[in-house]
$ cat input-v2.pdb   # PDB, C-alpha atoms
ATOM      1  CA  MET G  16      61.236  31.337  -8.811
ATOM      2  CA  PRO G  17      60.191  34.892  -7.869
ATOM      3  CA  SER G  18      56.547  35.608  -8.650
ATOM      4  CA  SER G  19      56.056  37.978 -11.560
ATOM      5  CA  PRO G  20      54.965  41.523 -10.741
ATOM      6  CA  ILE G  21      51.472  42.846 -11.352
ATOM      7  CA  GLU G  22      51.054  45.727 -13.826
ATOM      8  CA  PRO G  23      49.769  48.957 -12.206
ATOM      9  CA  PRO G  24      46.686  49.287 -14.521
ATOM     10  CA  HIS G  25      45.786  45.658 -13.799
ATOM     11  CA  LYS G  26      46.132  46.324 -10.071
ATOM     12  CA  ARG G  27      44.023  49.482 -10.253
ATOM     13  CA  ARG G  28      41.281  47.642 -12.138
ATOM     14  CA  ILE G  29      41.178  44.941  -9.455
ATOM     15  CA  THR G  30      41.072  47.553  -6.699
ATOM     16  CA  SER G  31      38.192  49.408  -8.297
ATOM     17  CA  ASN G  32      36.266  46.154  -8.796
ATOM     18  CA  ALA G  33      36.889  45.332  -5.146
ATOM     19  CA  VAL G  34      35.463  48.673  -4.039
ATOM     20  CA  GLY G  35      32.419  48.141  -6.286
ATOM     21  CA  ILE G  36      31.765  44.733  -4.768
ATOM     22  CA  GLY G  37      32.192  46.257  -1.312
ATOM     23  CA  LEU G  38      29.610  48.949  -2.078
ATOM     24  CA  ALA G  39      27.114  46.376  -3.371
ATOM     25  CA  THR G  40      27.483  44.149  -0.310
ATOM     26  CA  GLY G  41      27.354  47.239   1.914
ATOM     27  CA  ALA G  42      23.932  47.985   0.502
ATOM     28  CA  TYR G  43      22.938  44.428   1.261
ATOM     29  CA  ALA G  44      24.290  44.862   4.802
ATOM     30  CA  LEU G  45      21.790  47.692   5.260
ATOM     31  CA  SER G  46      19.016  45.133   4.912
ATOM     32  CA  PHE G  47      20.839  42.696   7.201
ATOM     33  CA  GLY G  48      21.107  45.335   9.943
ATOM     34  CA  ALA G  49      17.456  46.276   9.619
ATOM     35  CA  ILE G  50      16.247  42.662   9.567
ATOM     36  CA  SER G  51      18.479  41.752  12.496
ATOM     37  CA  VAL G  52      16.986  44.473  14.689
ATOM     38  CA  ALA G  53      13.475  43.603  13.477
ATOM     39  CA  SER G  54      14.218  40.004  14.549
ATOM     40  CA  GLY G  55      14.929  41.123  18.109
ATOM     41  CA  LEU G  56      18.706  41.615  18.186
ATOM     42  CA  SER G  57      20.226  44.832  19.508
ATOM     43  CA  VAL G  58      22.347  47.170  17.391
ATOM     44  CA  LEU G  59      25.439  45.910  19.240
ATOM     45  CA  GLN G  60      24.540  42.244  18.702
ATOM     46  CA  SER G  61      23.956  42.866  14.996
ATOM     47  CA  GLN G  62      27.308  44.634  14.728
ATOM     48  CA  THR G  63      29.084  41.819  16.586
ATOM     49  CA  LEU G  64      27.761  39.368  14.016
ATOM     50  CA  SER G  65      29.053  41.460  11.126
ATOM     51  CA  LEU G  66      32.467  41.846  12.799
ATOM     52  CA  LEU G  67      32.955  38.293  14.075
ATOM     53  CA  MET G  68      30.777  36.035  11.933
ATOM     54  CA  PHE G  69      31.210  38.040   8.723
ATOM     55  CA  THR G  70      29.473  35.680   6.321
ATOM     56  CA  GLY G  71      26.128  36.920   5.041
ATOM     57  CA  ALA G  72      24.013  33.798   4.642
ATOM     58  CA  SER G  73      24.924  32.525   8.124
ATOM     59  CA  GLN G  74      24.168  35.921   9.656
ATOM     60  CA  PHE G  75      20.772  36.137   7.967
ATOM     61  CA  ALA G  76      20.008  32.553   9.025
ATOM     62  CA  LEU G  77      21.015  33.129  12.636
ATOM     63  CA  VAL G  78      18.796  36.173  13.068
ATOM     64  CA  GLY G  79      16.005  34.590  11.000
ATOM     65  CA  VAL G  80      15.832  31.470  13.162
ATOM     66  CA  LEU G  81      16.116  33.486  16.398
ATOM     67  CA  GLY G  82      13.419  35.886  15.215
ATOM     68  CA  ALA G  83      11.097  32.981  14.392
ATOM     69  CA  GLY G  84      11.488  31.679  17.938
ATOM     70  CA  GLY G  85      13.747  28.795  16.939
ATOM     71  CA  GLY G  86      16.070  29.035  19.917
ATOM     72  CA  ALA G  87      19.827  29.451  20.144
ATOM     73  CA  VAL G  88      20.918  25.899  19.306
ATOM     74  CA  ALA G  89      18.953  25.635  16.062
ATOM     75  CA  ALA G  90      20.099  29.147  15.093
ATOM     76  CA  ILE G  91      23.767  28.276  15.749
ATOM     77  CA  LEU G  92      23.618  24.963  13.880
ATOM     78  CA  THR G  93      21.942  26.531  10.832
ATOM     79  CA  ALA G  94      24.579  29.285  10.750
ATOM     80  CA  TRP G  95      27.383  26.723  11.034
ATOM     81  CA  LEU G  96      26.030  24.527   8.244
ATOM     82  CA  LEU G  97      25.653  27.528   5.940
ATOM     83  CA  GLY G  98      29.189  28.641   6.838
ATOM     84  CA  ALA G  99      30.736  25.253   6.042
ATOM     85  CA  ARG G 100      31.302  26.261   2.415
ATOM     86  CA  ASN G 101      33.788  28.908   3.553
ATOM     87  CA  GLY G 102      36.014  26.021   4.657
ATOM     88  CA  LEU G 103      36.169  24.858   1.045
ATOM     89  CA  TYR G 104      36.917  28.396  -0.105
ATOM     90  CA  ALA G 105      39.758  28.527   2.427
ATOM     91  CA  LEU G 106      41.065  25.276   1.041
ATOM     92  CA  SER G 107      41.266  26.703  -2.468
ATOM     93  CA  MET G 108      42.761  29.998  -1.198
ATOM     94  CA  ALA G 109      45.469  28.403   0.980
ATOM     95  CA  PRO G 110      47.929  27.649  -1.854
ATOM     96  CA  VAL G 111      47.206  31.009  -3.538
ATOM     97  CA  LEU G 112      47.718  33.185  -0.457
ATOM     98  CA  ASP G 113      50.454  31.107   1.230
ATOM     99  CA  VAL G 114      49.846  32.889   4.553
ATOM    100  CA  HIS G 115      51.142  32.057   8.025
ATOM    101  CA  GLY G 116      50.792  33.338  11.575
ATOM    102  CA  LEU G 117      48.606  36.392  12.127
ATOM    103  CA  ARG G 118      48.070  36.938   8.423
ATOM    104  CA  ARG G 119      46.550  33.487   8.229
ATOM    105  CA  LEU G 120      44.103  34.352  11.016
ATOM    106  CA  GLY G 121      43.159  37.525   9.116
ATOM    107  CA  ALA G 122      42.880  35.753   5.775
ATOM    108  CA  ALA G 123      40.554  33.166   7.340
ATOM    109  CA  GLN G 124      38.146  35.860   8.512
ATOM    110  CA  LEU G 125      38.097  37.454   5.040
ATOM    111  CA  THR G 126      37.466  34.117   3.270
ATOM    112  CA  ILE G 127      33.933  34.546   1.913
ATOM    113  CA  ASP G 128      32.052  34.205  -1.392
ATOM    114  CA  GLU G 129      33.177  37.559  -2.797
ATOM    115  CA  SER G 130      36.907  37.497  -1.940
ATOM    116  CA  THR G 131      37.287  33.902  -3.125
ATOM    117  CA  ALA G 132      35.430  34.535  -6.379
ATOM    118  CA  MET G 133      37.555  37.631  -7.118
ATOM    119  CA  ALA G 134      40.807  35.772  -6.444
ATOM    120  CA  LEU G 135      39.730  32.863  -8.654
ATOM    121  CA  ALA G 136      38.740  35.328 -11.396
ATOM    122  CA  HIS G 137      42.292  36.786 -11.467
ATOM    123  CA  PRO G 138      44.531  33.713 -11.347
ATOM    124  CA  GLU G 139      47.569  35.193 -13.171
ATOM    125  CA  PRO G 140      49.983  36.376 -11.936
ATOM    126  CA  ILE G 141      49.570  35.037  -8.429
ATOM    127  CA  ARG G 142      50.128  38.533  -7.007
ATOM    128  CA  ALA G 143      46.986  39.647  -8.827
ATOM    129  CA  ALA G 144      45.036  36.817  -7.215
ATOM    130  CA  ARG G 145      46.374  37.830  -3.798
ATOM    131  CA  HIS G 146      45.599  41.490  -4.390
ATOM    132  CA  ALA G 147      42.090  40.544  -5.540
ATOM    133  CA  PHE G 148      41.511  38.481  -2.407
ATOM    134  CA  TRP G 149      42.795  41.036   0.101
ATOM    135  CA  SER G 150      41.328  44.148  -1.536
ATOM    136  CA  THR G 151      37.907  42.529  -1.959
ATOM    137  CA  GLY G 152      37.927  40.990   1.508
ATOM    138  CA  LEU G 153      38.900  44.257   3.202
ATOM    139  CA  SER G 154      36.549  46.384   1.112
ATOM    140  CA  VAL G 155      33.609  44.085   1.844
ATOM    141  CA  PHE G 156      34.537  43.857   5.537
ATOM    142  CA  VAL G 157      34.592  47.633   6.013
ATOM    143  CA  LEU G 158      31.482  48.400   3.960
ATOM    144  CA  TRP G 159      29.568  45.379   5.298
ATOM    145  CA  ASN G 160      30.089  46.685   8.825
ATOM    146  CA  ILE G 161      29.209  50.280   7.948
ATOM    147  CA  GLY G 162      26.061  49.064   6.174
ATOM    148  CA  THR G 163      25.101  46.867   9.114
ATOM    149  CA  PHE G 164      25.362  49.796  11.503
ATOM    150  CA  MET G 165      23.313  52.122   9.300
ATOM    151  CA  GLY G 166      20.623  49.455   8.802
ATOM    152  CA  SER G 167      20.409  48.345  12.423
ATOM    153  CA  PHE G 168      20.525  51.873  13.828
ATOM    154  CA  GLY G 169      17.878  53.020  11.337
ATOM    155  CA  ALA G 170      15.581  50.101  12.161
ATOM    156  CA  SER G 171      16.044  50.670  15.901
ATOM    157  CA  LEU G 172      14.337  54.047  15.437
ATOM    158  CA  ILE G 173      11.211  52.392  13.984
ATOM    159  CA  ASP G 174       8.410  51.253  16.277
ATOM    160  CA  ASN G 175       6.698  48.562  14.246
ATOM    161  CA  PRO G 176       8.964  46.932  11.622
ATOM    162  CA  ALA G 177       6.127  44.727  10.278
ATOM    163  CA  SER G 178       4.268  47.843   9.122
ATOM    164  CA  LEU G 179       7.242  48.527   6.831
ATOM    165  CA  GLY G 180       7.125  45.008   5.468
ATOM    166  CA  LEU G 181      10.449  44.020   7.030
ATOM    167  CA  ASP G 182       9.032  40.560   7.758
ATOM    168  CA  ALA G 183       8.585  40.129   3.994
ATOM    169  CA  ALA G 184      12.126  41.376   3.442
ATOM    170  CA  ILE G 185      13.509  38.366   5.355
ATOM    171  CA  PRO G 186      12.374  35.589   2.963
ATOM    172  CA  ALA G 187      13.178  37.881   0.015
ATOM    173  CA  GLY G 188      16.727  38.202   1.324
ATOM    174  CA  PHE G 189      17.104  34.428   1.582
ATOM    175  CA  LEU G 190      15.635  34.074  -1.905
ATOM    176  CA  ALA G 191      18.168  36.524  -3.326
ATOM    177  CA  LEU G 192      20.963  34.480  -1.725
ATOM    178  CA  LEU G 193      19.500  31.255  -3.112
ATOM    179  CA  TRP G 194      18.789  32.525  -6.624
ATOM    180  CA  PRO G 195      22.327  32.498  -8.111
ATOM    181  CA  ARG G 196      22.859  28.938  -6.818
ATOM    182  CA  LEU G 197      19.935  27.504  -8.819
ATOM    183  CA  VAL G 198      22.112  26.717 -11.811
ATOM    184  CA  ASP G 199      20.902  23.239 -12.798
ATOM    185  CA  ARG G 200      18.143  20.694 -12.273
ATOM    186  CA  THR G 201      19.874  19.093  -9.292
ATOM    187  CA  MET G 202      19.939  22.443  -7.483
ATOM    188  CA  TRP G 203      16.273  23.138  -8.295
ATOM    189  CA  ALA G 204      15.303  19.664  -7.069
ATOM    190  CA  VAL G 205      17.260  20.098  -3.832
ATOM    191  CA  ALA G 206      15.712  23.540  -3.302
ATOM    192  CA  ALA G 207      12.183  22.217  -3.882
ATOM    193  CA  ALA G 208      12.758  19.248  -1.591
ATOM    194  CA  GLY G 209      14.313  21.425   1.113
ATOM    195  CA  ALA G 210      11.386  23.850   1.093
ATOM    196  CA  THR G 211       8.845  21.011   1.115
ATOM    197  CA  VAL G 212      10.494  19.190   4.019
ATOM    198  CA  ALA G 213      10.666  22.409   6.042
ATOM    199  CA  LEU G 214       6.997  23.283   5.445
ATOM    200  CA  VAL G 215       5.716  19.770   6.162
ATOM    201  CA  LEU G 216       7.649  19.663   9.437
ATOM    202  CA  THR G 217       6.731  23.197  10.558
ATOM    203  CA  PRO G 218       3.495  22.188  12.378
ATOM    204  CA  ILE G 219       5.219  19.175  13.968
ATOM    205  CA  LEU G 220       8.632  20.392  15.138
ATOM    206  CA  ARG G 221       9.496  23.482  17.126
ATOM    207  CA  PRO G 222      10.672  26.512  15.109
ATOM    208  CA  GLY G 223      14.215  26.225  13.765
ATOM    209  CA  LEU G 224      14.258  22.447  13.525
ATOM    210  CA  PRO G 225      12.386  22.168  10.175
ATOM    211  CA  VAL G 226      15.161  24.173   8.499
ATOM    212  CA  LEU G 227      17.834  21.929   9.988
ATOM    213  CA  ALA G 228      15.874  18.876   8.850
ATOM    214  CA  ALA G 229      15.952  20.319   5.332
ATOM    215  CA  GLY G 230      19.739  20.137   5.583
ATOM    216  CA  LEU G 231      19.343  16.352   5.540
ATOM    217  CA  VAL G 232      17.958  16.735   2.004
ATOM    218  CA  ALA G 233      21.400  17.923   0.961
ATOM    219  CA  LEU G 234      22.997  14.831   2.490
ATOM    220  CA  VAL G 235      20.580  12.476   0.727
ATOM    221  CA  ALA G 236      20.915  14.366  -2.568
ATOM    222  CA  SER G 237      24.709  14.319  -2.526
ATOM    223  CA  TRP G 238      24.621  10.587  -1.842
ATOM    224  CA  LEU G 239      22.236  10.072  -4.788
ATOM    225  CA  VAL G 240      24.335  12.246  -7.102
ATOM    226  CA  GLY G 241      27.475  10.387  -6.028
ATOM    227  CA  ARG G 242      25.895   7.033  -6.834
ATOM    228  CA  ARG G 243      24.796   8.226 -10.270
ATOM    229  CA  GLU G 244      28.293   9.364 -11.251
TER     230      GLU G 244
ATOM    231  CA  MET P  20      20.501  33.599  24.928
ATOM    232  CA  ILE P  21      20.904  35.900  21.932
ATOM    233  CA  TRP P  22      24.481  36.706  22.934
ATOM    234  CA  PHE P  23      25.234  33.006  23.289
ATOM    235  CA  ALA P  24      23.921  32.387  19.749
ATOM    236  CA  VAL P  25      25.862  35.374  18.370
ATOM    237  CA  LEU P  26      29.179  34.359  19.929
ATOM    238  CA  ALA P  27      28.959  30.579  19.533
ATOM    239  CA  GLY P  28      27.658  30.968  15.985
ATOM    240  CA  SER P  29      30.533  33.310  15.119
ATOM    241  CA  LEU P  30      33.139  31.014  16.661
ATOM    242  CA  GLY P  31      31.936  28.026  14.624
ATOM    243  CA  THR P  32      31.831  29.860  11.308
ATOM    244  CA  TYR P  33      35.352  31.214  11.960
ATOM    245  CA  VAL P  34      36.651  27.739  12.753
ATOM    246  CA  ALA P  35      35.197  26.514   9.438
ATOM    247  CA  LYS P  36      37.118  29.254   7.599
ATOM    248  CA  LEU P  37      40.346  28.563   9.496
ATOM    249  CA  VAL P  38      40.219  24.788   9.099
ATOM    250  CA  GLY P  39      40.574  25.167   5.345
ATOM    251  CA  TYR P  40      43.962  26.833   5.860
ATOM    252  CA  LEU P  41      45.197  24.297   8.401
ATOM    253  CA  LEU P  42      44.232  20.988   6.835
ATOM    254  CA  PRO P  43      46.179  19.388   4.004
ATOM    255  CA  GLY P  44      44.440  19.985   0.664
ATOM    256  CA  GLU P  45      43.238  16.473  -0.042
ATOM    257  CA  THR P  46      41.298  16.091   3.235
ATOM    258  CA  LEU P  47      38.377  18.286   2.292
ATOM    259  CA  ALA P  48      38.712  17.903  -1.452
ATOM    260  CA  ARG P  49      36.955  14.536  -1.559
ATOM    261  CA  PRO P  50      34.083  14.725  -4.061
ATOM    262  CA  GLN P  51      31.470  13.691  -1.503
ATOM    263  CA  ILE P  52      32.451  16.547   0.852
ATOM    264  CA  ARG P  53      32.482  19.049  -2.020
ATOM    265  CA  ARG P  54      29.037  17.957  -3.129
ATOM    266  CA  ILE P  55      27.548  18.228   0.347
ATOM    267  CA  THR P  56      28.966  21.703   0.979
ATOM    268  CA  GLY P  57      27.641  22.816  -2.417
ATOM    269  CA  LEU P  58      24.151  21.423  -1.818
ATOM    270  CA  LEU P  59      23.760  22.409   1.851
ATOM    271  CA  PRO P  60      23.286  26.146   1.215
ATOM    272  CA  VAL P  61      20.655  25.397  -1.447
ATOM    273  CA  ALA P  62      18.608  23.114   0.827
ATOM    274  CA  LEU P  63      18.922  25.404   3.855
ATOM    275  CA  LEU P  64      18.275  28.683   2.035
ATOM    276  CA  SER P  65      15.190  27.355   0.256
ATOM    277  CA  ALA P  66      13.899  25.973   3.569
ATOM    278  CA  LEU P  67      14.455  29.411   5.113
ATOM    279  CA  VAL P  68      12.593  31.092   2.239
ATOM    280  CA  ALA P  69       9.653  28.730   2.721
ATOM    281  CA  VAL P  70       9.493  28.969   6.501
ATOM    282  CA  GLN P  71       9.975  32.733   6.637
ATOM    283  CA  THR P  72       7.259  33.177   4.001
ATOM    284  CA  PHE P  73       4.578  30.925   5.486
ATOM    285  CA  ALA P  74       5.283  30.178   9.153
ATOM    286  CA  VAL P  75       4.037  32.046  12.193
ATOM    287  CA  GLY P  76       5.427  29.944  15.007
ATOM    288  CA  GLN P  77       4.256  26.425  14.146
ATOM    289  CA  THR P  78       1.293  27.526  12.021
ATOM    290  CA  LEU P  79       1.382  27.994   8.252
ATOM    291  CA  VAL P  80      -0.417  31.103   6.995
ATOM    292  CA  ILE P  81      -0.744  33.069   3.775
ATOM    293  CA  ASP P  82      -0.288  36.779   4.367
ATOM    294  CA  ALA P  83       1.363  39.866   2.885
ATOM    295  CA  ARG P  84       4.791  38.177   3.078
ATOM    296  CA  LEU P  85       3.856  35.868   0.193
ATOM    297  CA  ALA P  86       3.009  38.837  -2.027
ATOM    298  CA  GLY P  87       6.346  40.349  -1.042
ATOM    299  CA  VAL P  88       8.221  37.196  -2.025
ATOM    300  CA  ILE P  89       6.396  36.973  -5.363
ATOM    301  CA  ALA P  90       7.386  40.588  -6.023
ATOM    302  CA  ALA P  91      10.964  39.607  -5.117
ATOM    303  CA  VAL P  92      10.889  36.809  -7.705
ATOM    304  CA  VAL P  93       9.860  39.327 -10.350
ATOM    305  CA  ALA P  94      12.683  41.649  -9.264
ATOM    306  CA  LEU P  95      15.172  38.764  -9.465
ATOM    307  CA  LEU P  96      13.944  37.800 -12.937
ATOM    308  CA  LEU P  97      14.592  41.434 -13.924
ATOM    309  CA  ARG P  98      18.131  41.039 -12.505
ATOM    310  CA  ALA P  99      17.638  43.640  -9.799
ATOM    311  CA  PRO P 100      20.446  43.968  -7.230
ATOM    312  CA  PHE P 101      20.065  42.503  -3.739
ATOM    313  CA  LEU P 102      18.940  45.653  -1.957
ATOM    314  CA  VAL P 103      16.272  46.368  -4.598
ATOM    315  CA  VAL P 104      14.926  42.814  -4.286
ATOM    316  CA  VAL P 105      14.587  43.178  -0.532
ATOM    317  CA  LEU P 106      13.060  46.664  -0.761
ATOM    318  CA  VAL P 107      10.534  45.570  -3.393
ATOM    319  CA  ALA P 108       9.390  42.746  -1.112
ATOM    320  CA  ALA P 109       9.086  45.017   1.918
ATOM    321  CA  PHE P 110       7.346  47.749  -0.047
ATOM    322  CA  THR P 111       4.817  45.323  -1.572
ATOM    323  CA  ALA P 112       3.907  43.848   1.816
ATOM    324  CA  ALA P 113       3.682  47.271   3.441
ATOM    325  CA  VAL P 114       1.412  48.662   0.723
ATOM    326  CA  LEU P 115      -0.948  45.652   0.848
ATOM    327  CA  ARG P 116      -1.219  46.039   4.616
ATOM    328  CA  ALA P 117      -1.729  49.799   4.455
ATOM    329  CA  LEU P 118      -4.567  49.258   1.968
ATOM    330  CA  GLY P 119      -6.068  46.554   4.189
ATOM    331  CA  LEU P 120      -5.712  43.958   1.417
ATOM    332  CA  ALA P 121      -3.604  41.537   3.442
ATOM    333  CA  SER P 122      -2.684  40.842   7.042
TER     334      SER P 122
END
$ encode --input "input-v2.pdb" --output "structure tokens"
Amino acid sequence: MPSSPIEPPHKRRITSNAVGIGLATGAYALSFGAISVASGLSVLQSQTLSLLMFTGASQFALVGVLGAGGGAVAAILTAWLLGARNGLYALSMAPVLDVHGLRRLGAAQLTIDESTAMALAHPEPIRAARHAFWSTGLSVFVLWNIGTFMGSFGASLIDNPASLGLDAAIPAGFLALLWPRLVDRTMWAVAAAGATVALVLTPILRPGLPVLAAGLVALVASWLVGRRE
Amino acid sequence: MIWFAVLAGSLGTYVAKLVGYLLPGETLARPQIRRITGLLPVALLSALVAVQTFAVGQTLVIDARLAGVIAAVVALLLRAPFLVVVLVAAFTAAVLRALGLAS
């Protein structure tokens, strides 16, 4: 059965939404670039993250842990754990996109919160879902990288980032990423437990490890939730 | 060391994205896996908020960052966009330091 076509006005509306989402995340990339440089990465290293890693929470976590002196291994593991959800997004996008070969490699890189959410928000016809995924993914990719460069280059011109409060911008950025996920009591409980575990372990473990230990809270919580259901 | 973290970190997050396209649907769709991947970002992000607000190395301190984060909460309650939230936090901390009210 051939897939039904997508009406031009419908397509235009999706495209303009995609550009809007790209602009919003581009603004957020400004802060990533600035925070990355303030954490000790070069402009080129920050840009490499936005090109190759291209998933905001993991990027923020990587530079945050490195900047706090957590070391490479803890930074990598935290970024990986935060990026694991993209695997689930890919799983839900696979039947929608039906991509193979090089296109599959490209689709994988563009599989993030925004592109997946846009595709799921436009399920019918399937061409609309595909257009939503690709237009949002590409728009965010381009503007995320432009924003990163502007932010990192701008911050590289500043002598003392702490005087501008960039160290306070880091936890605020994580908080803004966390905020929309606090949708029910389970999430609030997990967040509270995660923060508590990390703070209690901070004086005991070397930097970076308390955050990873907080990841265990998620394992315990999902086991508890599973038993309750 | 930073380059190692950048490249190895990027490789792993890409593999996570790609795996979802390569594996058969039911493998990762088990409820336990879904729950863990939903809860992990919450636990890790809140731990990062806490540590980045209070830690200096292995010491816990209260300084201008906390005021910045509280200002960020207010901005979030007012439904401010991401960049505004971050700027409000930075601005609050910078002003308190400039006035000598916080370290």
$ resolve_selection --input "input-v2.pdb" --expression "the ChimeraX specification (/G :<6) & /P" --output "PDB file with C-alpha atoms, keeping the file's coordinate frame"
ATOM      1  CA  ALA P  24      23.921  32.387  19.749  1.00  0.00           C
ATOM      2  CA  GLY P  28      27.658  30.968  15.985  1.00  0.00           C
ATOM      3  CA  SER P  29      30.533  33.310  15.119  1.00  0.00           C
ATOM      4  CA  GLY P  31      31.936  28.026  14.624  1.00  0.00           C
ATOM      5  CA  THR P  32      31.831  29.860  11.308  1.00  0.00           C
ATOM      6  CA  ALA P  35      35.197  26.514   9.438  1.00  0.00           C
ATOM      7  CA  LYS P  36      37.118  29.254   7.599  1.00  0.00           C
ATOM      8  CA  LEU P  37      40.346  28.563   9.496  1.00  0.00           C
ATOM      9  CA  GLY P  39      40.574  25.167   5.345  1.00  0.00           C
ATOM     10  CA  TYR P  40      43.962  26.833   5.860  1.00  0.00           C
ATOM     11  CA  ARG P  54      29.037  17.957  -3.129  1.00  0.00           C
ATOM     12  CA  ILE P  55      27.548  18.228   0.347  1.00  0.00           C
ATOM     13  CA  THR P  56      28.966  21.703   0.979  1.00  0.00           C
ATOM     14  CA  LEU P  58      24.151  21.423  -1.818  1.00  0.00           C
ATOM     15  CA  LEU P  59      23.760  22.409   1.851  1.00  0.00           C
ATOM     16  CA  PRO P  60      23.286  26.146   1.215  1.00  0.00           C
ATOM     17  CA  VAL P  61      20.655  25.397  -1.447  1.00  0.00           C
ATOM     18  CA  ALA P  62      18.608  23.114   0.827  1.00  0.00           C
ATOM     19  CA  LEU P  63      18.922  25.404   3.855  1.00  0.00           C
ATOM     20  CA  LEU P  64      18.275  28.683   2.035  1.00  0.00           C
ATOM     21  CA  SER P  65      15.190  27.355   0.256  1.00  0.00           C
ATOM     22  CA  ALA P  66      13.899  25.973   3.569  1.00  0.00           C
ATOM     23  CA  VAL P  68      12.593  31.092   2.239  1.00  0.00           C
ATOM     24  CA  ALA P  69       9.653  28.730   2.721  1.00  0.00           C
ATOM     25  CA  GLN P  71       9.975  32.733   6.637  1.00  0.00           C
ATOM     26  CA  THR P  72       7.259  33.177   4.001  1.00  0.00           C
ATOM     27  CA  GLN P  77       4.256  26.425  14.146  1.00  0.00           C
ATOM     28  CA  THR P  78       1.293  27.526  12.021  1.00  0.00           C
ATOM     29  CA  ARG P  84       4.791  38.177   3.078  1.00  0.00           C
ATOM     30  CA  GLY P  87       6.346  40.349  -1.042  1.00  0.00           C
ATOM     31  CA  VAL P  88       8.221  37.196  -2.025  1.00  0.00           C
ATOM     32  CA  ALA P  91      10.964  39.607  -5.117  1.00  0.00           C
ATOM     33  CA  LEU P 102      18.940  45.653  -1.957  1.00  0.00           C
ATOM     34  CA  VAL P 105      14.587  43.178  -0.532  1.00  0.00           C
ATOM     35  CA  ALA P 108       9.390  42.746  -1.112  1.00  0.00           C
ATOM     36  CA  ALA P 109       9.086  45.017   1.918  1.00  0.00           C
ATOM     37  CA  ALA P 112       3.907  43.848   1.816  1.00  0.00           C
ATOM     38  CA  ALA P 113       3.682  47.271   3.441  1.00  0.00           C
TER      39      ALA P 113
END
$ atom_distance --input "input-v2.pdb" --atom1 "CA of Phe110 in chain P" --atom2 "CA of Ile89 in chain P"
12.1 Å
$ atom_distance --input "input-v2.pdb" --atom1 "CA of Val92 in chain P" --atom2 "CA of Leu158 in chain G"
26.4 Å
$ atom_distance --input "input-v2.pdb" --atom1 "CA of Met20 in chain P" --atom2 "CA of Asn160 in chain G"
22.9 Å
$ residues_around --input "input-v2.pdb" --residues "Lys26 in chain G" --least-positions-apart "3" --cutoff "9 Å" --atoms "only C-alpha atoms" --output "PyMOL selection string"
chain G and resi 21-23+29-31+143+146-147
